[in-house]
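All remarks here apply to the structure that follows.
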Amino acid sequence: MELYYRIIEIIDANLIHCLIPIVLTLIIINYLFKERFETRKSLSLFRWIIITYSMITWTFYLFGMFMNPEKYSFIDRATGPYKIAYWIMFLCALFFPFTLFYKKLATKFWYVLLVAFGMKIGYYFERYVIFVTSLHRDYNPSTDNSEFNSLSNFGIGLIIIKGITIAILSLGMFEIVKLRKTVHKSRL
């Protein structure tokens, strides 16, 4: 089980958290180059990555809830003081990714962007709270928070750079496949 958690952490850090910059990059490239690149196919690839990731994580979450209910305290979170926020996070992470099975919705860039945000809304809210509370620390002897700000800005910048790189690599991969098909057809 520990290996599973480590694999999910690596996938989260290197792919899932980068979904928003990936989809935004695809939107910008599609808009600037007017269907020149295979942005729809690339969007479809990330759609299936989202669906697969959601299926795997929810399967293990449900398995963990039944096998180790103390660690996965669903009842306490779903009825506690933050139940509204928990239910929003729960439903967005559970239902939004599976709406991508509908091809009409899955081909819309902005909808996939909304799903990518909704999938990890708890993560983004947690980062927002950490960032805001670090700005308002009164117990810090120095009032200059530039050390933390630069660290959080570095993390956000790294996610954006990884997202742009992954989007460009996926477009490059589909362009190579398209080029190979064209060359293969011309030889026949």
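Labels used: A, B, ... for chains in the order of the structure tokens, numbers from 1 for residues in each chain, and numbers from 1 for ligands as shown.
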* Do you know which residues are at most 9 Å from A:Asn14 counting only C-alpha atoms, after dropping those on the same chain fewer than 6 positions away, and could you put them as a ChimeraX atom specification? -> /A:159,162-163
Take the residues from that selection and put them in a file with C-alpha atoms, as a CSV table (one decimal), in the first residue's frame.
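In the end it all went to again-v8.csv:
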chain,number,residue,atom,x,y,z
A,159,ILE,CA,4.0,23.6,-11.9
A,162,LYS,CA,6.0,21.4,-16.1
A,163,GLY,CA,2.5,21.9,-17.5
Mind listing the helix (DSSP H, G or I) residues of stretch 12-113 of chain A, per DSSP on the backbone, as a PDB file with N, CA and C atoms, in the first residue's frame?
ATOM      1  N   ASP A  12       0.734  12.708  -8.976  1.00  0.00           N
ATOM      2  CA  ASP A  12       0.129  13.989  -8.593  1.00  0.00           C
ATOM      3  C   ASP A  12       1.077  15.148  -8.851  1.00  0.00           C
ATOM      4  N   ALA A  13       2.295  15.027  -8.352  1.00  0.00           N
ATOM      5  CA  ALA A  13       3.250  16.133  -8.438  1.00  0.00           C
ATOM      6  C   ALA A  13       3.674  16.427  -9.869  1.00  0.00           C
ATOM      7  N   ASN A  14       3.775  15.406 -10.689  1.00  0.00           N
ATOM      8  CA  ASN A  14       4.322  15.613 -12.023  1.00  0.00           C
ATOM      9  C   ASN A  14       3.301  15.677 -13.143  1.00  0.00           C
ATOM     10  N   LEU A  15       2.056  15.315 -12.870  1.00  0.00           N
ATOM     11  CA  LEU A  15       1.067  15.339 -13.951  1.00  0.00           C
ATOM     12  C   LEU A  15      -0.259  15.960 -13.530  1.00  0.00           C
ATOM     13  N   ILE A  16      -0.855  15.474 -12.472  1.00  0.00           N
ATOM     14  CA  ILE A  16      -2.212  15.889 -12.117  1.00  0.00           C
ATOM     15  C   ILE A  16      -2.255  17.348 -11.661  1.00  0.00           C
ATOM     16  N   LEU A  19      -2.288  19.845 -14.581  1.00  0.00           N
ATOM     17  CA  LEU A  19      -3.351  19.771 -15.588  1.00  0.00           C
ATOM     18  C   LEU A  19      -3.875  21.146 -15.998  1.00  0.00           C
ATOM     19  N   ILE A  20      -3.976  22.067 -15.061  1.00  0.00           N
ATOM     20  CA  ILE A  20      -4.494  23.399 -15.418  1.00  0.00           C
ATOM     21  C   ILE A  20      -3.556  24.104 -16.396  1.00  0.00           C
ATOM     22  N   PRO A  21      -2.233  24.166 -16.129  1.00  0.00           N
ATOM     23  CA  PRO A  21      -1.364  24.769 -17.148  1.00  0.00           C
ATOM     24  C   PRO A  21      -1.331  23.980 -18.463  1.00  0.00           C
ATOM     25  N   ILE A  22      -1.497  22.661 -18.392  1.00  0.00           N
ATOM     26  CA  ILE A  22      -1.514  21.853 -19.619  1.00  0.00           C
ATOM     27  C   ILE A  22      -2.701  22.257 -20.479  1.00  0.00           C
ATOM     28  N   VAL A  23      -3.886  22.299 -19.895  1.00  0.00           N
ATOM     29  CA  VAL A  23      -5.091  22.625 -20.668  1.00  0.00           C
ATOM     30  C   VAL A  23      -5.042  24.082 -21.137  1.00  0.00           C
ATOM     31  N   LEU A  24      -4.560  24.981 -20.290  1.00  0.00           N
ATOM     32  CA  LEU A  24      -4.432  26.381 -20.715  1.00  0.00           C
ATOM     33  C   LEU A  24      -3.469  26.517 -21.886  1.00  0.00           C
ATOM     34  N   THR A  25      -2.379  25.773 -21.870  1.00  0.00           N
ATOM     35  CA  THR A  25      -1.432  25.797 -22.987  1.00  0.00           C
ATOM     36  C   THR A  25      -2.093  25.273 -24.257  1.00  0.00           C
ATOM     37  N   LEU A  26      -2.868  24.212 -24.138  1.00  0.00           N
ATOM     38  CA  LEU A  26      -3.575  23.676 -25.310  1.00  0.00           C
ATOM     39  C   LEU A  26      -4.593  24.685 -25.845  1.00  0.00           C
ATOM     40  N   ILE A  27      -5.270  25.384 -24.939  1.00  0.00           N
ATOM     41  CA  ILE A  27      -6.234  26.410 -25.364  1.00  0.00           C
ATOM     42  C   ILE A  27      -5.520  27.515 -26.136  1.00  0.00           C
ATOM     43  N   ILE A  28      -4.411  27.981 -25.605  1.00  0.00           N
ATOM     44  CA  ILE A  28      -3.665  29.074 -26.245  1.00  0.00           C
ATOM     45  C   ILE A  28      -3.123  28.631 -27.599  1.00  0.00           C
ATOM     46  N   ILE A  29      -2.550  27.432 -27.662  1.00  0.00           N
ATOM     47  CA  ILE A  29      -2.006  26.934 -28.932  1.00  0.00           C
ATOM     48  C   ILE A  29      -3.127  26.731 -29.950  1.00  0.00           C
ATOM     49  N   ASN A  30      -4.258  26.215 -29.519  1.00  0.00           N
ATOM     50  CA  ASN A  30      -5.394  26.028 -30.430  1.00  0.00           C
ATOM     51  C   ASN A  30      -5.892  27.372 -30.948  1.00  0.00           C
ATOM     52  N   TYR A  31      -5.926  28.364 -30.080  1.00  0.00           N
ATOM     53  CA  TYR A  31      -6.407  29.684 -30.484  1.00  0.00           C
ATOM     54  C   TYR A  31      -5.404  30.383 -31.414  1.00  0.00           C
ATOM     55  N   LEU A  32      -4.129  30.302 -31.084  1.00  0.00           N
ATOM     56  CA  LEU A  32      -3.121  31.012 -31.883  1.00  0.00           C
ATOM     57  C   LEU A  32      -2.882  30.375 -33.245  1.00  0.00           C
ATOM     58  N   PHE A  33      -2.904  29.050 -33.304  1.00  0.00           N
ATOM     59  CA  PHE A  33      -2.551  28.375 -34.537  1.00  0.00           C
ATOM     60  C   PHE A  33      -3.750  27.815 -35.298  1.00  0.00           C
ATOM     61  N   THR A  39      -4.389  19.558 -31.180  1.00  0.00           N
ATOM     62  CA  THR A  39      -4.767  19.922 -29.815  1.00  0.00           C
ATOM     63  C   THR A  39      -5.951  19.105 -29.310  1.00  0.00           C
ATOM     64  N   ARG A  40      -6.865  18.753 -30.203  1.00  0.00           N
ATOM     65  CA  ARG A  40      -8.027  17.949 -29.789  1.00  0.00           C
ATOM     66  C   ARG A  40      -7.610  16.547 -29.356  1.00  0.00           C
ATOM     67  N   LYS A  41      -6.681  15.959 -30.097  1.00  0.00           N
ATOM     68  CA  LYS A  41      -6.190  14.634 -29.718  1.00  0.00           C
ATOM     69  C   LYS A  41      -5.427  14.695 -28.402  1.00  0.00           C
ATOM     70  N   SER A  42      -4.656  15.747 -28.230  1.00  0.00           N
ATOM     71  CA  SER A  42      -3.920  15.913 -26.985  1.00  0.00           C
ATOM     72  C   SER A  42      -4.878  16.121 -25.817  1.00  0.00           C
ATOM     73  N   LEU A  43      -5.926  16.885 -26.033  1.00  0.00           N
ATOM     74  CA  LEU A  43      -6.938  17.074 -25.001  1.00  0.00           C
ATOM     75  C   LEU A  43      -7.614  15.753 -24.661  1.00  0.00           C
ATOM     76  N   SER A  44      -7.856  14.940 -25.677  1.00  0.00           N
ATOM     77  CA  SER A  44      -8.452  13.633 -25.447  1.00  0.00           C
ATOM     78  C   SER A  44      -7.524  12.735 -24.638  1.00  0.00           C
ATOM     79  N   LEU A  45      -6.226  12.813 -24.890  1.00  0.00           N
ATOM     80  CA  LEU A  45      -5.260  12.050 -24.103  1.00  0.00           C
ATOM     81  C   LEU A  45      -5.342  12.431 -22.630  1.00  0.00           C
ATOM     82  N   PHE A  46      -5.375  13.719 -22.349  1.00  0.00           N
ATOM     83  CA  PHE A  46      -5.444  14.168 -20.957  1.00  0.00           C
ATOM     84  C   PHE A  46      -6.810  13.875 -20.341  1.00  0.00           C
ATOM     85  N   ARG A  47      -7.826  13.832 -21.158  1.00  0.00           N
ATOM     86  CA  ARG A  47      -9.151  13.424 -20.682  1.00  0.00           C
ATOM     87  C   ARG A  47      -9.093  11.999 -20.152  1.00  0.00           C
ATOM     88  N   TRP A  48      -8.475  11.102 -20.917  1.00  0.00           N
ATOM     89  CA  TRP A  48      -8.385   9.712 -20.488  1.00  0.00           C
ATOM     90  C   TRP A  48      -7.436   9.552 -19.299  1.00  0.00           C
ATOM     91  N   ILE A  49      -6.438  10.380 -19.216  1.00  0.00           N
ATOM     92  CA  ILE A  49      -5.560  10.358 -18.034  1.00  0.00           C
ATOM     93  C   ILE A  49      -6.361  10.742 -16.793  1.00  0.00           C
ATOM     94  N   ILE A  50      -7.191  11.757 -16.894  1.00  0.00           N
ATOM     95  CA  ILE A  50      -8.029  12.184 -15.770  1.00  0.00           C
ATOM     96  C   ILE A  50      -8.989  11.075 -15.356  1.00  0.00           C
ATOM     97  N   ILE A  51      -9.645  10.468 -16.325  1.00  0.00           N
ATOM     98  CA  ILE A  51     -10.608   9.406 -16.015  1.00  0.00           C
ATOM     99  C   ILE A  51      -9.917   8.215 -15.369  1.00  0.00           C
ATOM    100  N   THR A  52      -8.796   7.795 -15.927  1.00  0.00           N
ATOM    101  CA  THR A  52      -8.065   6.649 -15.381  1.00  0.00           C
ATOM    102  C   THR A  52      -7.556   6.933 -13.975  1.00  0.00           C
ATOM    103  N   TYR A  53      -6.993   8.106 -13.789  1.00  0.00           N
ATOM    104  CA  TYR A  53      -6.494   8.503 -12.474  1.00  0.00           C
ATOM    105  C   TYR A  53      -7.629   8.497 -11.450  1.00  0.00           C
ATOM    106  N   SER A  54      -8.779   9.020 -11.838  1.00  0.00           N
ATOM    107  CA  SER A  54      -9.921   9.069 -10.922  1.00  0.00           C
ATOM    108  C   SER A  54     -10.421   7.678 -10.574  1.00  0.00           C
ATOM    109  N   MET A  55     -10.482   6.805 -11.570  1.00  0.00           N
ATOM    110  CA  MET A  55     -10.920   5.430 -11.298  1.00  0.00           C
ATOM    111  C   MET A  55      -9.972   4.733 -10.319  1.00  0.00           C
ATOM    112  N   ILE A  56      -8.697   4.859 -10.549  1.00  0.00           N
ATOM    113  CA  ILE A  56      -7.716   4.175  -9.704  1.00  0.00           C
ATOM    114  C   ILE A  56      -7.736   4.732  -8.288  1.00  0.00           C
ATOM    115  N   THR A  57      -7.738   6.055  -8.144  1.00  0.00           N
ATOM    116  CA  THR A  57      -7.699   6.638  -6.796  1.00  0.00           C
ATOM    117  C   THR A  57      -8.988   6.359  -6.031  1.00  0.00           C
ATOM    118  N   TRP A  58     -10.127   6.410  -6.712  1.00  0.00           N
ATOM    119  CA  TRP A  58     -11.380   6.140  -5.998  1.00  0.00           C
ATOM    120  C   TRP A  58     -11.539   4.666  -5.647  1.00  0.00           C
ATOM    121  N   THR A  59     -11.010   3.790  -6.474  1.00  0.00           N
ATOM    122  CA  THR A  59     -11.046   2.368  -6.136  1.00  0.00           C
ATOM    123  C   THR A  59     -10.236   2.094  -4.881  1.00  0.00           C
ATOM    124  N   PHE A  60      -9.037   2.659  -4.821  1.00  0.00           N
ATOM    125  CA  PHE A  60      -8.214   2.454  -3.638  1.00  0.00           C
ATOM    126  C   PHE A  60      -8.772   3.183  -2.423  1.00  0.00           C
ATOM    127  N   TYR A  61      -9.413   4.336  -2.651  1.00  0.00           N
ATOM    128  CA  TYR A  61     -10.028   5.047  -1.528  1.00  0.00           C
ATOM    129  C   TYR A  61     -11.167   4.221  -0.934  1.00  0.00           C
ATOM    130  N   LEU A  62     -12.019   3.685  -1.778  1.00  0.00           N
ATOM    131  CA  LEU A  62     -13.121   2.852  -1.281  1.00  0.00           C
ATOM    132  C   LEU A  62     -12.600   1.579  -0.629  1.00  0.00           C
ATOM    133  N   PHE A  63     -11.586   0.978  -1.220  1.00  0.00           N
ATOM    134  CA  PHE A  63     -10.957  -0.199  -0.629  1.00  0.00           C
ATOM    135  C   PHE A  63     -10.376   0.142   0.750  1.00  0.00           C
ATOM    136  N   GLY A  64      -9.715   1.277   0.847  1.00  0.00           N
ATOM    137  CA  GLY A  64      -9.141   1.703   2.127  1.00  0.00           C
ATOM    138  C   GLY A  64     -10.200   2.032   3.159  1.00  0.00           C
ATOM    139  N   MET A  65     -11.340   2.584   2.727  1.00  0.00           N
ATOM    140  CA  MET A  65     -12.425   2.904   3.656  1.00  0.00           C
ATOM    141  C   MET A  65     -13.000   1.648   4.296  1.00  0.00           C
ATOM    142  N   PHE A  66     -13.077   0.580   3.535  1.00  0.00           N
ATOM    143  CA  PHE A  66     -13.619  -0.655   4.080  1.00  0.00           C
ATOM    144  C   PHE A  66     -12.586  -1.436   4.885  1.00  0.00           C
ATOM    145  N   MET A  67     -11.334  -1.373   4.490  1.00  0.00           N
ATOM    146  CA  MET A  67     -10.299  -2.139   5.176  1.00  0.00           C
ATOM    147  C   MET A  67      -9.738  -1.425   6.407  1.00  0.00           C
ATOM    148  N   PHE A  74     -14.546   8.983   6.915  1.00  0.00           N
ATOM    149  CA  PHE A  74     -15.506   9.650   6.048  1.00  0.00           C
ATOM    150  C   PHE A  74     -16.628  10.304   6.846  1.00  0.00           C
ATOM    151  N   ILE A  75     -17.180   9.602   7.829  1.00  0.00           N
ATOM    152  CA  ILE A  75     -18.332  10.106   8.584  1.00  0.00           C
ATOM    153  C   ILE A  75     -17.973  11.384   9.332  1.00  0.00           C
ATOM    154  N   ASP A  76     -16.802  11.431   9.952  1.00  0.00           N
ATOM    155  CA  ASP A  76     -16.400  12.628  10.693  1.00  0.00           C
ATOM    156  C   ASP A  76     -16.256  13.842   9.784  1.00  0.00           C
ATOM    157  N   ARG A  77     -15.700  13.625   8.624  1.00  0.00           N
ATOM    158  CA  ARG A  77     -15.500  14.745   7.697  1.00  0.00           C
ATOM    159  C   ARG A  77     -16.812  15.177   7.047  1.00  0.00           C
ATOM    160  N   ALA A  78     -17.660  14.223   6.729  1.00  0.00           N
ATOM    161  CA  ALA A  78     -18.892  14.527   6.005  1.00  0.00           C
ATOM    162  C   ALA A  78     -19.953  15.156   6.903  1.00  0.00           C
ATOM    163  N   THR A  79     -19.806  15.070   8.225  1.00  0.00           N
ATOM    164  CA  THR A  79     -20.805  15.640   9.122  1.00  0.00           C
ATOM    165  C   THR A  79     -20.209  16.667  10.079  1.00  0.00           C
ATOM    166  N   LYS A  83     -18.422  20.424   6.703  1.00  0.00           N
ATOM    167  CA  LYS A  83     -19.067  19.436   5.840  1.00  0.00           C
ATOM    168  C   LYS A  83     -19.378  19.974   4.448  1.00  0.00           C
ATOM    169  N   ILE A  84     -19.725  21.241   4.330  1.00  0.00           N
ATOM    170  CA  ILE A  84     -20.050  21.795   3.009  1.00  0.00           C
ATOM    171  C   ILE A  84     -18.817  21.787   2.117  1.00  0.00           C
ATOM    172  N   ALA A  85     -17.697  22.236   2.661  1.00  0.00           N
ATOM    173  CA  ALA A  85     -16.459  22.230   1.879  1.00  0.00           C
ATOM    174  C   ALA A  85     -16.039  20.809   1.533  1.00  0.00           C
ATOM    175  N   TYR A  86     -16.190  19.890   2.483  1.00  0.00           N
ATOM    176  CA  TYR A  86     -15.804  18.509   2.219  1.00  0.00           C
ATOM    177  C   TYR A  86     -16.679  17.890   1.144  1.00  0.00           C
ATOM    178  N   TRP A  87     -17.979  18.136   1.184  1.00  0.00           N
ATOM    179  CA  TRP A  87     -18.876  17.565   0.174  1.00  0.00           C
ATOM    180  C   TRP A  87     -18.603  18.156  -1.206  1.00  0.00           C
ATOM    181  N   ILE A  88     -18.280  19.444  -1.253  1.00  0.00           N
ATOM    182  CA  ILE A  88     -17.935  20.052  -2.547  1.00  0.00           C
ATOM    183  C   ILE A  88     -16.688  19.393  -3.115  1.00  0.00           C
ATOM    184  N   MET A  89     -15.661  19.233  -2.277  1.00  0.00           N
ATOM    185  CA  MET A  89     -14.434  18.578  -2.737  1.00  0.00           C
ATOM    186  C   MET A  89     -14.701  17.136  -3.142  1.00  0.00           C
ATOM    187  N   PHE A  90     -15.485  16.444  -2.335  1.00  0.00           N
ATOM    188  CA  PHE A  90     -15.789  15.037  -2.581  1.00  0.00           C
ATOM    189  C   PHE A  90     -16.533  14.858  -3.895  1.00  0.00           C
ATOM    190  N   LEU A  91     -17.563  15.640  -4.109  1.00  0.00           N
ATOM    191  CA  LEU A  91     -18.374  15.503  -5.317  1.00  0.00           C
ATOM    192  C   LEU A  91     -17.621  15.959  -6.571  1.00  0.00           C
ATOM    193  N   CYS A  92     -16.841  17.025  -6.429  1.00  0.00           N
ATOM    194  CA  CYS A  92     -16.055  17.484  -7.585  1.00  0.00           C
ATOM    195  C   CYS A  92     -15.014  16.446  -7.986  1.00  0.00           C
ATOM    196  N   ALA A  93     -14.401  15.801  -7.007  1.00  0.00           N
ATOM    197  CA  ALA A  93     -13.384  14.798  -7.325  1.00  0.00           C
ATOM    198  C   ALA A  93     -14.002  13.485  -7.782  1.00  0.00           C
ATOM    199  N   LEU A  94     -15.232  13.231  -7.383  1.00  0.00           N
ATOM    200  CA  LEU A  94     -15.860  11.963  -7.753  1.00  0.00           C
ATOM    201  C   LEU A  94     -16.636  12.048  -9.065  1.00  0.00           C
ATOM    202  N   PHE A  95     -17.456  13.061  -9.237  1.00  0.00           N
ATOM    203  CA  PHE A  95     -18.346  13.106 -10.396  1.00  0.00           C
ATOM    204  C   PHE A  95     -17.790  13.863 -11.587  1.00  0.00           C
ATOM    205  N   PRO A  97     -14.737  14.164 -12.977  1.00  0.00           N
ATOM    206  CA  PRO A  97     -13.912  13.423 -13.948  1.00  0.00           C
ATOM    207  C   PRO A  97     -14.704  12.424 -14.789  1.00  0.00           C
ATOM    208  N   PHE A  98     -15.743  11.848 -14.223  1.00  0.00           N
ATOM    209  CA  PHE A  98     -16.501  10.849 -14.969  1.00  0.00           C
ATOM    210  C   PHE A  98     -17.489  11.467 -15.948  1.00  0.00           C
ATOM    211  N   THR A  99     -17.695  12.766 -15.876  1.00  0.00           N
ATOM    212  CA  THR A  99     -18.500  13.434 -16.899  1.00  0.00           C
ATOM    213  C   THR A  99     -17.725  13.528 -18.212  1.00  0.00           C
ATOM    214  N   LEU A 100     -16.427  13.275 -18.153  1.00  0.00           N
ATOM    215  CA  LEU A 100     -15.619  13.312 -19.372  1.00  0.00           C
ATOM    216  C   LEU A 100     -15.863  12.093 -20.270  1.00  0.00           C
ATOM    217  N   PHE A 101     -16.663  11.146 -19.811  1.00  0.00           N
ATOM    218  CA  PHE A 101     -17.067  10.052 -20.680  1.00  0.00           C
ATOM    219  C   PHE A 101     -17.966  10.560 -21.803  1.00  0.00           C
ATOM    220  N   LYS A 103     -18.595  12.615 -24.783  1.00  0.00           N
ATOM    221  CA  LYS A 103     -17.678  13.182 -25.764  1.00  0.00           C
ATOM    222  C   LYS A 103     -17.945  14.666 -26.024  1.00  0.00           C
ATOM    223  N   LYS A 104     -19.208  15.067 -25.988  1.00  0.00           N
ATOM    224  CA  LYS A 104     -19.530  16.482 -26.207  1.00  0.00           C
ATOM    225  C   LYS A 104     -18.851  17.372 -25.171  1.00  0.00           C
ATOM    226  N   LEU A 105     -18.892  16.941 -23.917  1.00  0.00           N
ATOM    227  CA  LEU A 105     -18.252  17.721 -22.862  1.00  0.00           C
ATOM    228  C   LEU A 105     -16.735  17.594 -22.910  1.00  0.00           C
ATOM    229  N   ALA A 106     -16.259  16.410 -23.251  1.00  0.00           N
ATOM    230  CA  ALA A 106     -14.820  16.148 -23.218  1.00  0.00           C
ATOM    231  C   ALA A 106     -14.056  16.864 -24.321  1.00  0.00           C
ATOM    232  N   PHE A 109     -12.495  22.563 -24.354  1.00  0.00           N
ATOM    233  CA  PHE A 109     -11.301  22.877 -23.577  1.00  0.00           C
ATOM    234  C   PHE A 109     -11.647  23.438 -22.199  1.00  0.00           C
ATOM    235  N   TRP A 110     -12.613  24.347 -22.167  1.00  0.00           N
ATOM    236  CA  TRP A 110     -12.939  25.016 -20.905  1.00  0.00           C
ATOM    237  C   TRP A 110     -13.583  24.053 -19.910  1.00  0.00           C
ATOM    238  N   TYR A 111     -14.311  23.081 -20.401  1.00  0.00           N
ATOM    239  CA  TYR A 111     -14.914  22.106 -19.490  1.00  0.00           C
ATOM    240  C   TYR A 111     -13.843  21.199 -18.887  1.00  0.00           C
ATOM    241  N   VAL A 112     -12.900  20.768 -19.697  1.00  0.00           N
ATOM    242  CA  VAL A 112     -11.807  19.941 -19.182  1.00  0.00           C
ATOM    243  C   VAL A 112     -10.987  20.750 -18.176  1.00  0.00           C
ATOM    244  N   LEU A 113     -10.813  22.036 -18.417  1.00  0.00           N
ATOM    245  CA  LEU A 113     -10.124  22.902 -17.459  1.00  0.00           C
ATOM    246  C   LEU A 113     -10.902  22.965 -16.144  1.00  0.00           C
TER     247      LEU A 113
END
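For the atom pair formed by atom CA of A:Ile7 and atom CA of A:Met119, the distance is 18.0 Å, given to one decimal.
Picture a line from atom CA of A:His184 to atom CA of A:Glu35; it runs 22.6 Å.
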* By how many Å are atom CA of A:Gly172 and atom CA of A:Ile156 apart? -> 24.3 Å
